[in-house]
file run.txt (compact mmCIF, C-alpha atoms)
# COMPACT_ATOMS: atom_id res chain seq x y z
CA MET G 77 -17.63 9.19 -43.60
CA ARG G 78 -14.86 7.50 -41.58
CA ILE G 79 -11.26 8.54 -42.28
CA LEU G 80 -8.08 7.52 -40.47
CA VAL G 81 -4.71 9.25 -40.77
CA LEU G 82 -2.20 6.76 -39.40
CA GLY G 83 1.41 7.64 -38.67
CA VAL G 84 3.66 4.65 -38.21
CA GLY G 85 7.29 4.38 -37.28
CA ASN G 86 9.84 3.89 -34.57
CA VAL G 87 11.10 7.14 -33.02
CA LEU G 88 14.20 5.27 -31.75
CA LEU G 89 15.47 4.57 -35.29
CA THR G 90 16.35 8.03 -36.68
CA ASP G 91 14.30 8.65 -39.87
CA GLU G 92 11.88 5.79 -39.17
CA ALA G 93 10.11 8.42 -37.02
CA ILE G 94 8.84 10.41 -40.03
CA GLY G 95 5.30 8.98 -40.04
CA VAL G 96 4.84 9.69 -36.34
CA ARG G 97 6.21 13.23 -36.72
CA VAL G 98 3.87 13.95 -39.64
CA VAL G 99 0.74 13.01 -37.66
CA GLU G 100 1.99 14.97 -34.65
CA ALA G 101 2.35 18.05 -36.88
CA LEU G 102 -1.14 17.46 -38.28
CA GLU G 103 -2.68 17.32 -34.81
CA GLN G 104 -0.71 20.32 -33.53
CA ASN G 105 -1.38 22.63 -36.47
CA TYR G 106 -4.74 21.74 -38.01
CA VAL G 107 -8.38 21.38 -37.04
CA LEU G 108 -10.14 18.35 -38.52
CA PRO G 109 -13.78 17.27 -38.54
CA ASP G 110 -14.89 14.69 -35.98
CA TYR G 111 -15.08 11.93 -38.60
CA VAL G 112 -11.30 12.16 -39.20
CA GLU G 113 -9.26 10.24 -36.65
CA VAL G 114 -5.51 10.82 -36.34
CA LEU G 115 -3.53 7.99 -34.78
CA ASP G 116 0.13 7.46 -33.87
CA GLY G 117 0.41 3.77 -34.64
CA GLY G 118 4.07 3.53 -33.62
CA THR G 119 5.34 0.09 -34.64
CA ALA G 120 2.06 -1.71 -33.96
CA GLY G 121 0.90 -4.33 -36.42
CA MET G 122 -2.20 -6.45 -36.00
CA GLU G 123 -3.19 -4.31 -33.00
CA LEU G 124 -4.24 -1.70 -35.59
CA LEU G 125 -6.73 -4.00 -37.31
CA GLU G 126 -9.82 -2.60 -35.61
CA ALA G 127 -8.70 1.03 -36.03
CA MET G 128 -8.05 0.52 -39.76
CA ALA G 129 -11.17 -1.53 -40.54
CA ASN G 130 -14.04 -0.19 -42.65
CA ARG G 131 -12.55 3.23 -43.30
CA ASP G 132 -13.74 5.29 -46.23
CA HIS G 133 -10.16 6.53 -46.60
CA LEU G 134 -7.04 5.29 -44.84
CA ILE G 135 -4.02 7.58 -45.12
CA ILE G 136 -0.71 6.17 -43.87
CA ALA G 137 2.42 8.26 -43.26
CA ASP G 138 5.60 6.19 -43.04
CA ALA G 139 9.25 5.81 -43.94
CA ILE G 140 9.65 3.61 -47.00
CA VAL G 141 12.92 2.02 -48.02
CA SER G 142 14.04 2.32 -51.64
CA LYS G 143 17.59 1.86 -52.88
CA LYS G 144 16.59 3.48 -56.18
CA ARG G 145 15.52 6.81 -54.69
CA THR G 146 17.33 9.63 -52.92
CA PRO G 147 16.85 10.01 -49.16
CA GLY G 148 14.18 12.61 -48.45
CA THR G 149 12.17 11.75 -51.57
CA ILE G 150 8.40 11.63 -51.02
CA MET G 151 6.49 8.77 -52.61
CA ILE G 152 2.70 8.81 -52.87
CA LEU G 153 1.05 5.44 -53.45
CA ARG G 154 -2.64 4.85 -53.81
CA ASP G 155 -5.02 1.94 -53.45
CA GLU G 156 -3.63 -1.24 -55.06
CA GLU G 157 -0.11 0.22 -55.31
CA VAL G 158 0.22 0.07 -51.51
CA PRO G 159 -0.22 -3.68 -50.79
CA THR G 160 1.81 -4.44 -53.93
CA LEU G 161 4.71 -2.36 -52.69
CA PHE G 162 4.68 -4.12 -49.32
CA THR G 163 5.81 -7.31 -51.06
CA ASN G 164 9.18 -5.57 -51.60
CA LYS G 165 10.16 -4.92 -47.95
CA ILE G 166 9.79 -1.18 -47.89
CA SER G 167 9.45 -0.48 -44.20
CA PRO G 168 11.20 -1.92 -41.13
CA HIS G 169 7.78 -2.78 -39.63
CA GLN G 170 6.08 -3.48 -42.96
CA LEU G 171 5.17 -7.04 -42.07
CA GLY G 172 2.70 -5.76 -39.53
CA LEU G 173 1.08 -3.35 -41.99
CA ALA G 174 1.06 -5.89 -44.81
CA ASP G 175 -0.59 -8.42 -42.49
CA VAL G 176 -3.24 -5.92 -41.39
CA LEU G 177 -4.03 -4.91 -44.98
CA SER G 178 -4.28 -8.58 -46.00
CA ALA G 179 -6.54 -9.32 -43.04
CA LEU G 180 -8.78 -6.36 -43.91
CA ARG G 181 -9.11 -7.59 -47.48
CA PHE G 182 -9.88 -11.12 -46.26
CA THR G 183 -12.59 -9.92 -43.87
CA GLY G 184 -14.11 -7.49 -46.37
CA GLU G 185 -13.14 -4.50 -44.21
CA PHE G 186 -10.50 -3.04 -46.57
CA PRO G 187 -10.65 0.77 -46.81
CA GLY G 188 -12.57 2.28 -49.70
CA LYS G 189 -9.57 4.44 -50.52
CA LEU G 190 -5.94 3.94 -49.43
CA THR G 191 -3.10 6.46 -49.62
CA LEU G 192 0.49 5.98 -48.45
CA VAL G 193 2.62 9.10 -48.01
CA GLY G 194 6.13 7.73 -47.71
CA VAL G 195 9.50 9.39 -47.24
CA ILE G 196 12.77 7.68 -48.13
CA PRO G 197 14.96 7.59 -44.98
CA GLU G 198 18.61 8.59 -44.91
CA SER G 199 19.34 6.60 -41.74
CA LEU G 200 17.60 3.89 -39.74
CA GLU G 201 20.35 3.66 -37.13
CA PRO G 202 19.35 3.65 -33.45
CA HIS G 203 19.11 7.34 -32.56
CA ILE G 204 16.42 9.68 -31.29
CA GLY G 205 15.99 12.50 -33.78
CA MET G 206 15.80 12.48 -37.56
CA THR G 207 18.50 13.45 -40.04
CA ALA G 208 18.31 17.01 -41.38
CA THR G 209 17.37 15.61 -44.81
CA VAL G 210 14.26 13.83 -43.55
CA GLU G 211 13.39 16.41 -40.89
CA ALA G 212 13.07 18.92 -43.74
CA MET G 213 10.46 16.64 -45.34
CA VAL G 214 7.98 16.67 -42.42
CA GLU G 215 6.14 19.73 -43.75
CA PRO G 216 6.06 18.62 -47.42
CA ALA G 217 4.85 15.14 -46.35
CA LEU G 218 2.24 16.79 -44.12
CA GLN G 219 1.01 18.80 -47.10
CA GLU G 220 0.62 15.54 -49.06
CA VAL G 221 -1.46 14.10 -46.21
CA ILE G 222 -3.61 17.25 -46.25
CA ALA G 223 -4.00 16.93 -50.04
CA ALA G 224 -5.15 13.32 -49.56
CA LEU G 225 -7.68 14.46 -46.95
CA ARG G 226 -8.95 17.20 -49.24
CA SER G 227 -9.31 14.65 -52.07
CA SER G 228 -11.93 13.01 -49.85
CA GLY G 229 -13.73 16.30 -49.32
CA VAL G 230 -12.32 17.00 -45.85
CA ASP G 231 -12.13 20.64 -44.82
CA VAL G 232 -8.66 20.98 -43.23
CA LEU G 233 -8.23 24.28 -41.40
CA PRO G 234 -5.10 25.68 -39.76
CA LYS G 235 -5.36 26.22 -36.01
CA GLU G 236 -5.31 29.82 -34.91
CA LYS G 237 -2.08 30.63 -33.15
call {"tool": "encode", "arguments": {"input": "run.txt", "output": "structure tokens"}}
result
Amino acid sequence: MRILVLGVGNVLLTDEAIGVRVVEALEQNYVLPDYVEVLDGGTAGMELLEAMANRDHLIIADAIVSKKRTPGTIMILRDEEVPTLFTNKISPHQLGLADVLSALRFTGEFPGKLTLVGVIPESLEPHIGMTATVEAMVEPALQEVIAALRSSGVDVLPKEK
């Protein structure tokens, strides 16, 4: 079993940091088996190709843009819903992710299972620190990532404090 939890986003653009903050919270607060890798992908694109290739489950945490949804809303997309949504410019760095997913499909290295845990941003203005609306969604988004891990049979345990 090979699972990757990938947080993507730009911490310099307010709520675009949500994916990075979710994976940081996962690493700080939970113990995961060795076959689960947690990666802060920042704004990388094709550089993530090798890390994302041939995964049994790829879980991505990210900010996703939607004019039809309220800021702070969590969206969970699975498998074919994810590449389809990338055709509608949903993330400031989405071209990189869309390119990587396309390349993985082309090379036959597409993940067996794909989950996107997205949060609708309130602001993408240059600023370090998220809005209160999206900051409040770090824990609920983290719980969705944990649910995705558990759906693949991963035992996710809280760290002892």
call {"tool": "closest_atom_pairs", "arguments": {"input": "run.txt", "of": "stretch 171-198 of chain G", "to": "stretch 204-210 of chain G", "cutoff": "10 Å", "atoms": "only C-alpha atoms", "output": "tab-separated table"}}
result
residue	atom	partner	partner_atom	distance
G:Val195	CA	G:Val210	CA	7.5
G:Ile196	CA	G:Val210	CA	7.8
G:Pro197	CA	G:Val210	CA	6.4
G:Glu198	CA	G:Thr207	CA	6.9
call {"tool": "atom_distance", "arguments": {"input": "run.txt", "atom1": "atom CA of G:Val99", "atom2": "atom CA of G:Thr183"}}
result
27.2 Å
call {"tool": "closest_residue", "arguments": {"input": "run.txt", "among": "G:Leu153, G:Leu225, G:Ala174, G:Leu108", "to": "G:Leu124", "atoms": "all atoms listed in the file"}}
result
G:Ala174
call {"tool": "residues_near_point", "arguments": {"input": "run.txt", "point": "(-7.9, 13.6, -50.2)", "cutoff": "12 Å", "atoms": "all atoms listed in the file", "output": "JSON, numbers by chain"}}
result
{"G": [79, 80, 81, 112, 132, 133, 134, 135, 152, 154, 189, 190, 191, 192, 193, 219, 220, 221, 222, 223, 224, 225, 226, 227, 228, 229, 230, 231, 232]}
call {"tool": "atom_distance", "arguments": {"input": "run.txt", "atom1": "atom CA of G:Arg181", "atom2": "atom CA of G:Val158"}}
result
12.7 Å
call {"tool": "residues_around", "arguments": {"input": "run.txt", "residues": "stretch 101-103 of chain G", "least_positions_apart": "3", "cutoff": "9 Å", "atoms": "all atoms listed in the file", "output": "compact mmCIF listing (two decimals) with C-alpha atoms, in the frame of the given file"}}
result
# COMPACT_ATOMS: atom_id res chain seq x y z
CA VAL G 96 4.84 9.69 -36.34
CA ARG G 97 6.21 13.23 -36.72
CA VAL G 98 3.87 13.95 -39.64
CA TYR G 106 -4.74 21.74 -38.01
CA VAL G 107 -8.38 21.38 -37.04
CA LEU G 108 -10.14 18.35 -38.52
CA VAL G 114 -5.51 10.82 -36.34
CA VAL G 214 7.98 16.67 -42.42
CA GLU G 215 6.14 19.73 -43.75
CA LEU G 218 2.24 16.79 -44.12
CA VAL G 221 -1.46 14.10 -46.21
CA ILE G 222 -3.61 17.25 -46.25
call {"tool": "atom_distance", "arguments": {"input": "run.txt", "atom1": "atom CA of G:Asn130", "atom2": "atom CA of G:Gly194"}}
result
22.3 Å
call {"tool": "closest_residue", "arguments": {"input": "run.txt", "among": "G:Leu89, G:Met151, G:Val84, G:Ala212", "to": "G:Thr119", "atoms": "only C-alpha atoms"}}
result
G:Val84
call {"tool": "closest_residue", "arguments": {"input": "run.txt", "among": "G:Gly188, G:Asp91, G:Lys235, G:Ala179", "to": "G:Glu126", "atoms": "all atoms listed in the file"}}
result
G:Ala179
call {"tool": "closest_residue", "arguments": {"input": "run.txt", "among": "G:Ile136, G:Leu180, G:Leu125, G:Ala120", "to": "G:Gly83", "atoms": "all atoms listed in the file"}}
result
G:Ile136
call {"tool": "closest_residue", "arguments": {"input": "run.txt", "among": "G:Pro187, G:Lys237, G:Ser199, G:Met122", "to": "G:Leu173", "atoms": "all atoms listed in the file"}}
result
G:Met122
call {"tool": "closest_residue", "arguments": {"input": "run.txt", "among": "G:Arg131, G:Leu233, G:Arg145, G:Ser178", "to": "G:Gln104", "atoms": "only C-alpha atoms"}}
result
G:Leu233
